Structure formats: structure tokens, C-alpha cells
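Structure first, commentary second.
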Amino acid sequence: MSRLQFLKVNSDVAGDMLKLKVHDSQQHLIASNAEWIIEDSFNEDSVCFGMYDDDLPVGMIALIDPRLVGDDNGHFQAQHLYIWRLMIDEASQSKGYGKAAMCFAKQYAELIGLVGLSLTTMDTEAENALNFYQALGFIPTGRRLDGEIELIYTQK
């Protein structure tokens with residue numbers, strides 16, 4: 001990684017993000033980037049960033065501050081930034097970009113006054129990312145939300 005940048009997805013960045021895709025074997029784990037960008041544009045509670053290594057687009061991450069969301073169904077951990085989505089392009093996987101994205105999210109959470117991160121992942125599906133998250137210090141909360149395991153990371 002030369003110089004990693006996180007740029008808010010807007011009309012300047014969206015075209016690059018639409019070109020990214022996960023491996024065919026992972027497509028069942030995440031919405032397409034086109035669907036993701038459209039959904040994000042209508043979700044006032046999320047912020048989506050395109051990841052670039054110098055000028056090369058490598059992935060996207062979307063975050064939700066739980067304090068801004070009317071959480072009637074208890075999906076969010078009140079003091080933990082929610083990782084709504086994370087995707088790394090198939091050509092850029094296993095190069096440290098996912099870990100870098102999570103470090104960015106940790107810094108973002110601290111900057112806005114939250115104590116950590118939370119997320120859900122499809123732990124029962126093939127090619128899932130559970131081991132990746134656990135290697136970064138995420139632990140299961142014991143809850144399942146919409147068929148996915150909830151994980152939490154609290155800053156030290």
C-alpha cells in the first residue's frame with residue numbers, strides 16, 4: 001500500500017466504485033456496489049467511503065453512527081460505530097486493505113466520540129469473513145440479527 005485514501009462516495013467517486021467487485025464465490029455475501037450506492041444515497045444515517053491506494057480504487061466501507069438512528073428494533077450497539085458494509089475488490093483482496101479499512105473505522109469512531117465498532121456477518125455462509133473480524137479483535141455478542149452473527153470491538 002502506497003498512500004491509502006478514503007473519499008466520501010459522491011458523483012466523482014461512484015463511477016470508480018461501480019467497477020469494483022468481489023470474487024464470484026463471495027457475491028452471495030454482499031449487495032452489488034450499484035445497489036449499495038443507490039441504497040446509501042437514500043440513507044441519511046450512513047456515510048460511505050471509497051478506498052483508494054494512490055489513484056487505484058480498491059474497496060468501499062459504509063458506516064452508521066447509531067446515535068443518529070431511530071433504533072426501535074435494537075439493531076445497533078449505542079456506543080459503537082456500525083460497519084454497515086465493507087467490500088474489497090477481488091484484485092485487491094489479501095493485501096491488507098480490509099484491515100486498513102477497519103483501522104480507518106476505529107479512528108472514525110474515536111473521532112466522533114464512540115467507544116468501538118459493531119457489525120454483523122453471515123457466519124454460516126461459505127467464504128464468510130468471521131475469521132477475518134475475529135483476528136482483528138471482534139468478539140461475538142451472543143445476538144443474531146437478521147440471520148447474521150453480531151460482533152463487537154471496543155477500543156482499549
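Chain labels A, B, ... are given in the sequence in which chains occur in the C-alpha cells; within each chain residues are numbered consecutively from 1, and ligands are likewise numbered from 1 in the order shown.
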
### Message
Among chain A, which ones does DSSP assign to alpha helix (DSSP H) (computed from the backbone)? Answer as a ChimeraX atom specification.
### Response
/A:11-18,33-41,97-111,130-135

Could you turn the residues from that selection into a file that holds N, CA and C atoms, as a JSON list (two decimals), in the first residue's frame?
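Final output, out.json:
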```json
[["chain", "number", "residue", "atom", "x", "y", "z"],
["A", 11, "SER", "N", -20.65, 11.79, -6.70],
["A", 11, "SER", "CA", -20.68, 11.59, -8.16],
["A", 11, "SER", "C", -19.27, 11.46, -8.75],
["A", 12, "ASP", "N", -18.26, 12.02, -8.08],
["A", 12, "ASP", "CA", -16.89, 11.90, -8.58],
["A", 12, "ASP", "C", -16.29, 10.53, -8.33],
["A", 13, "VAL", "N", -16.72, 9.87, -7.29],
["A", 13, "VAL", "CA", -16.13, 8.60, -6.85],
["A", 13, "VAL", "C", -16.97, 7.39, -7.28],
["A", 14, "ALA", "N", -18.26, 7.59, -7.42],
["A", 14, "ALA", "CA", -19.18, 6.46, -7.67],
["A", 14, "ALA", "C", -18.80, 5.63, -8.90],
["A", 15, "GLY", "N", -18.38, 6.27, -9.98],
["A", 15, "GLY", "CA", -18.00, 5.53, -11.19],
["A", 15, "GLY", "C", -16.89, 4.53, -10.94],
["A", 16, "ASP", "N", -15.89, 4.94, -10.16],
["A", 16, "ASP", "CA", -14.79, 4.02, -9.81],
["A", 16, "ASP", "C", -15.30, 2.85, -8.97],
["A", 17, "MET", "N", -16.20, 3.14, -8.03],
["A", 17, "MET", "CA", -16.71, 2.11, -7.14],
["A", 17, "MET", "C", -17.57, 1.09, -7.88],
["A", 18, "LEU", "N", -18.27, 1.55, -8.92],
["A", 18, "LEU", "CA", -19.11, 0.64, -9.69],
["A", 18, "LEU", "C", -18.30, -0.40, -10.46],
["A", 33, "ASN", "N", -22.25, -3.33, -5.76],
["A", 33, "ASN", "CA", -21.89, -1.93, -5.47],
["A", 33, "ASN", "C", -22.93, -0.96, -6.01],
["A", 34, "ALA", "N", -23.55, -1.28, -7.12],
["A", 34, "ALA", "CA", -24.60, -0.40, -7.67],
["A", 34, "ALA", "C", -25.76, -0.32, -6.68],
["A", 35, "GLU", "N", -26.21, -1.47, -6.18],
["A", 35, "GLU", "CA", -27.30, -1.49, -5.20],
["A", 35, "GLU", "C", -26.88, -0.76, -3.93],
["A", 36, "TRP", "N", -25.65, -0.99, -3.50],
["A", 36, "TRP", "CA", -25.12, -0.38, -2.29],
["A", 36, "TRP", "C", -25.11, 1.15, -2.39],
["A", 37, "ILE", "N", -24.61, 1.67, -3.51],
["A", 37, "ILE", "CA", -24.52, 3.12, -3.70],
["A", 37, "ILE", "C", -25.91, 3.75, -3.76],
["A", 38, "ILE", "N", -26.83, 3.09, -4.44],
["A", 38, "ILE", "CA", -28.20, 3.61, -4.50],
["A", 38, "ILE", "C", -28.82, 3.61, -3.11],
["A", 39, "GLU", "N", -28.69, 2.51, -2.40],
["A", 39, "GLU", "CA", -29.25, 2.41, -1.05],
["A", 39, "GLU", "C", -28.63, 3.47, -0.13],
["A", 40, "ASP", "N", -27.33, 3.64, -0.23],
["A", 40, "ASP", "CA", -26.64, 4.63, 0.61],
["A", 40, "ASP", "C", -27.12, 6.05, 0.31],
["A", 41, "SER", "N", -27.41, 6.34, -0.95],
["A", 41, "SER", "CA", -27.82, 7.69, -1.31],
["A", 41, "SER", "C", -29.17, 8.06, -0.69],
["A", 97, "TYR", "N", -5.94, -4.36, 2.75],
["A", 97, "TYR", "CA", -6.90, -3.28, 2.62],
["A", 97, "TYR", "C", -8.09, -3.41, 3.58],
["A", 98, "GLY", "N", -8.53, -4.63, 3.81],
["A", 98, "GLY", "CA", -9.62, -4.83, 4.75],
["A", 98, "GLY", "C", -9.22, -4.40, 6.16],
["A", 99, "LYS", "N", -8.03, -4.79, 6.55],
["A", 99, "LYS", "CA", -7.52, -4.40, 7.87],
["A", 99, "LYS", "C", -7.36, -2.87, 7.94],
["A", 100, "ALA", "N", -6.88, -2.28, 6.88],
["A", 100, "ALA", "CA", -6.73, -0.81, 6.84],
["A", 100, "ALA", "C", -8.08, -0.13, 6.93],
["A", 101, "ALA", "N", -9.10, -0.70, 6.29],
["A", 101, "ALA", "CA", -10.45, -0.12, 6.35],
["A", 101, "ALA", "C", -10.98, -0.17, 7.79],
["A", 102, "MET", "N", -10.70, -1.26, 8.48],
["A", 102, "MET", "CA", -11.16, -1.38, 9.85],
["A", 102, "MET", "C", -10.40, -0.42, 10.76],
["A", 103, "CYS", "N", -9.13, -0.19, 10.50],
["A", 103, "CYS", "CA", -8.36, 0.82, 11.26],
["A", 103, "CYS", "C", -8.95, 2.21, 11.02],
["A", 104, "PHE", "N", -9.31, 2.49, 9.78],
["A", 104, "PHE", "CA", -9.97, 3.77, 9.46],
["A", 104, "PHE", "C", -11.27, 3.90, 10.26],
["A", 105, "ALA", "N", -12.07, 2.83, 10.30],
["A", 105, "ALA", "CA", -13.33, 2.86, 11.03],
["A", 105, "ALA", "C", -13.10, 3.09, 12.52],
["A", 106, "LYS", "N", -12.07, 2.47, 13.08],
["A", 106, "LYS", "CA", -11.74, 2.66, 14.51],
["A", 106, "LYS", "C", -11.39, 4.13, 14.77],
["A", 107, "GLN", "N", -10.60, 4.71, 13.89],
["A", 107, "GLN", "CA", -10.22, 6.12, 14.05],
["A", 107, "GLN", "C", -11.44, 7.03, 13.90],
["A", 108, "TYR", "N", -12.30, 6.71, 12.96],
["A", 108, "TYR", "CA", -13.52, 7.49, 12.74],
["A", 108, "TYR", "C", -14.41, 7.43, 13.98],
["A", 109, "ALA", "N", -14.55, 6.24, 14.54],
["A", 109, "ALA", "CA", -15.37, 6.07, 15.75],
["A", 109, "ALA", "C", -14.81, 6.91, 16.89],
["A", 110, "GLU", "N", -13.52, 6.86, 17.07],
["A", 110, "GLU", "CA", -12.91, 7.64, 18.15],
["A", 110, "GLU", "C", -13.10, 9.14, 17.91],
["A", 111, "LEU", "N", -12.94, 9.55, 16.67],
["A", 111, "LEU", "CA", -13.08, 10.96, 16.32],
["A", 111, "LEU", "C", -14.48, 11.50, 16.65],
["A", 130, "LEU", "N", -15.97, -14.15, 9.05],
["A", 130, "LEU", "CA", -15.93, -14.24, 10.51],
["A", 130, "LEU", "C", -14.50, -14.32, 11.05],
["A", 131, "ASN", "N", -13.69, -15.18, 10.48],
["A", 131, "ASN", "CA", -12.30, -15.32, 10.96],
["A", 131, "ASN", "C", -11.51, -14.02, 10.79],
["A", 132, "PHE", "N", -11.75, -13.30, 9.71],
["A", 132, "PHE", "CA", -11.10, -12.01, 9.48],
["A", 132, "PHE", "C", -11.41, -11.05, 10.62],
["A", 133, "TYR", "N", -12.69, -10.92, 10.94],
["A", 133, "TYR", "CA", -13.09, -9.99, 12.00],
["A", 133, "TYR", "C", -12.57, -10.43, 13.37],
["A", 134, "GLN", "N", -12.64, -11.70, 13.65],
["A", 134, "GLN", "CA", -12.16, -12.19, 14.95],
["A", 134, "GLN", "C", -10.65, -11.99, 15.09],
["A", 135, "ALA", "N", -9.92, -12.13, 14.00],
["A", 135, "ALA", "CA", -8.47, -11.88, 14.04],
["A", 135, "ALA", "C", -8.15, -10.42, 14.36]]
```

Can you pull out every residue from chain A that DSSP, working from the backbone, puts in strand (DSSP E or B), and format the result as a PDB file with C-alpha atoms, in the first residue's frame?
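Here's the written file states.pdb:
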```pdb
ATOM      1  CA  LEU A   4      -4.364   4.873   1.176  1.00  0.00           C
ATOM      2  CA  GLN A   5      -7.186   7.409   0.952  1.00  0.00           C
ATOM      3  CA  PHE A   6     -10.823   7.237   1.995  1.00  0.00           C
ATOM      4  CA  LEU A   7     -13.028   9.508  -0.117  1.00  0.00           C
ATOM      5  CA  LYS A   8     -16.717  10.054   0.537  1.00  0.00           C
ATOM      6  CA  SER A  46     -24.855   6.254   6.698  1.00  0.00           C
ATOM      7  CA  VAL A  47     -21.637   7.566   5.264  1.00  0.00           C
ATOM      8  CA  CYS A  48     -19.898   5.610   2.523  1.00  0.00           C
ATOM      9  CA  PHE A  49     -16.224   5.918   1.606  1.00  0.00           C
ATOM     10  CA  GLY A  50     -14.362   4.717  -1.447  1.00  0.00           C
ATOM     11  CA  MET A  51     -10.912   3.340  -0.698  1.00  0.00           C
ATOM     12  CA  TYR A  52      -8.030   4.262  -2.972  1.00  0.00           C
ATOM     13  CA  ASP A  53      -4.410   3.169  -2.987  1.00  0.00           C
ATOM     14  CA  LEU A  56      -6.341   2.864  -7.714  1.00  0.00           C
ATOM     15  CA  PRO A  57      -9.826   2.148  -6.320  1.00  0.00           C
ATOM     16  CA  VAL A  58      -9.607  -0.921  -4.039  1.00  0.00           C
ATOM     17  CA  GLY A  59     -12.814  -1.048  -1.989  1.00  0.00           C
ATOM     18  CA  MET A  60     -15.640   0.617  -0.085  1.00  0.00           C
ATOM     19  CA  ILE A  61     -16.766   0.903   3.517  1.00  0.00           C
ATOM     20  CA  ALA A  62     -20.075   2.248   4.849  1.00  0.00           C
ATOM     21  CA  LEU A  63     -20.548   3.382   8.447  1.00  0.00           C
ATOM     22  CA  ILE A  64     -23.547   4.293  10.597  1.00  0.00           C
ATOM     23  CA  HIS A  80     -20.274   1.542  18.761  1.00  0.00           C
ATOM     24  CA  LEU A  81     -19.958   2.725  15.169  1.00  0.00           C
ATOM     25  CA  TYR A  82     -21.796   0.241  12.958  1.00  0.00           C
ATOM     26  CA  ILE A  83     -19.902  -1.160   9.974  1.00  0.00           C
ATOM     27  CA  TRP A  84     -22.807  -1.397   7.559  1.00  0.00           C
ATOM     28  CA  ARG A  85     -20.803  -2.719   4.645  1.00  0.00           C
ATOM     29  CA  LEU A  86     -17.224  -3.495   3.709  1.00  0.00           C
ATOM     30  CA  MET A  87     -16.039  -4.748   0.357  1.00  0.00           C
ATOM     31  CA  ILE A  88     -12.578  -5.151  -1.125  1.00  0.00           C
ATOM     32  CA  GLY A 116     -15.698   0.964  19.289  1.00  0.00           C
ATOM     33  CA  LEU A 117     -17.208  -0.840  16.329  1.00  0.00           C
ATOM     34  CA  SER A 118     -20.017  -3.304  15.740  1.00  0.00           C
ATOM     35  CA  LEU A 119     -21.120  -5.304  12.721  1.00  0.00           C
ATOM     36  CA  THR A 120     -22.973  -8.374  11.597  1.00  0.00           C
ATOM     37  CA  THR A 121     -21.669 -11.015   9.234  1.00  0.00           C
ATOM     38  CA  ILE A 139     -15.961 -10.812  19.631  1.00  0.00           C
ATOM     39  CA  PRO A 140     -19.478 -12.251  19.320  1.00  0.00           C
ATOM     40  CA  THR A 141     -22.142 -10.539  21.422  1.00  0.00           C
ATOM     41  CA  GLY A 142     -24.332 -13.645  21.524  1.00  0.00           C
ATOM     42  CA  ARG A 143     -27.005 -11.973  19.375  1.00  0.00           C
ATOM     43  CA  ARG A 144     -28.135 -12.870  15.878  1.00  0.00           C
ATOM     44  CA  LEU A 145     -29.677 -10.119  13.778  1.00  0.00           C
ATOM     45  CA  GLU A 148     -26.224 -12.922  10.969  1.00  0.00           C
ATOM     46  CA  ILE A 149     -23.893 -13.039  13.952  1.00  0.00           C
ATOM     47  CA  GLU A 150     -23.281  -9.719  15.702  1.00  0.00           C
ATOM     48  CA  LEU A 151     -19.683  -8.855  16.574  1.00  0.00           C
ATOM     49  CA  ILE A 152     -18.307  -6.006  18.648  1.00  0.00           C
ATOM     50  CA  TYR A 153     -14.911  -4.372  19.078  1.00  0.00           C
ATOM     51  CA  THR A 154     -14.249  -1.983  21.964  1.00  0.00           C
TER      52      THR A 154
END
```

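CA of Ile30 (chain A) is found 12.0 Å from CA of Asp89 (chain A).
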
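For the choices A:Ala126, A:Leu136, A:Ile112, A:Leu20, the atom-to-atom distance to Glu90 (chain A) is smallest for A:Leu20 when using only C-alpha atoms.
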
### Query
When you draw a straight line from CA of Arg67 (chain A) to CA of Gln79 (chain A), how long is it in Å?
7.7 Å

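The space between CA of His23 (chain A) and CA of Gly96 (chain A) spans 16.4 Å.
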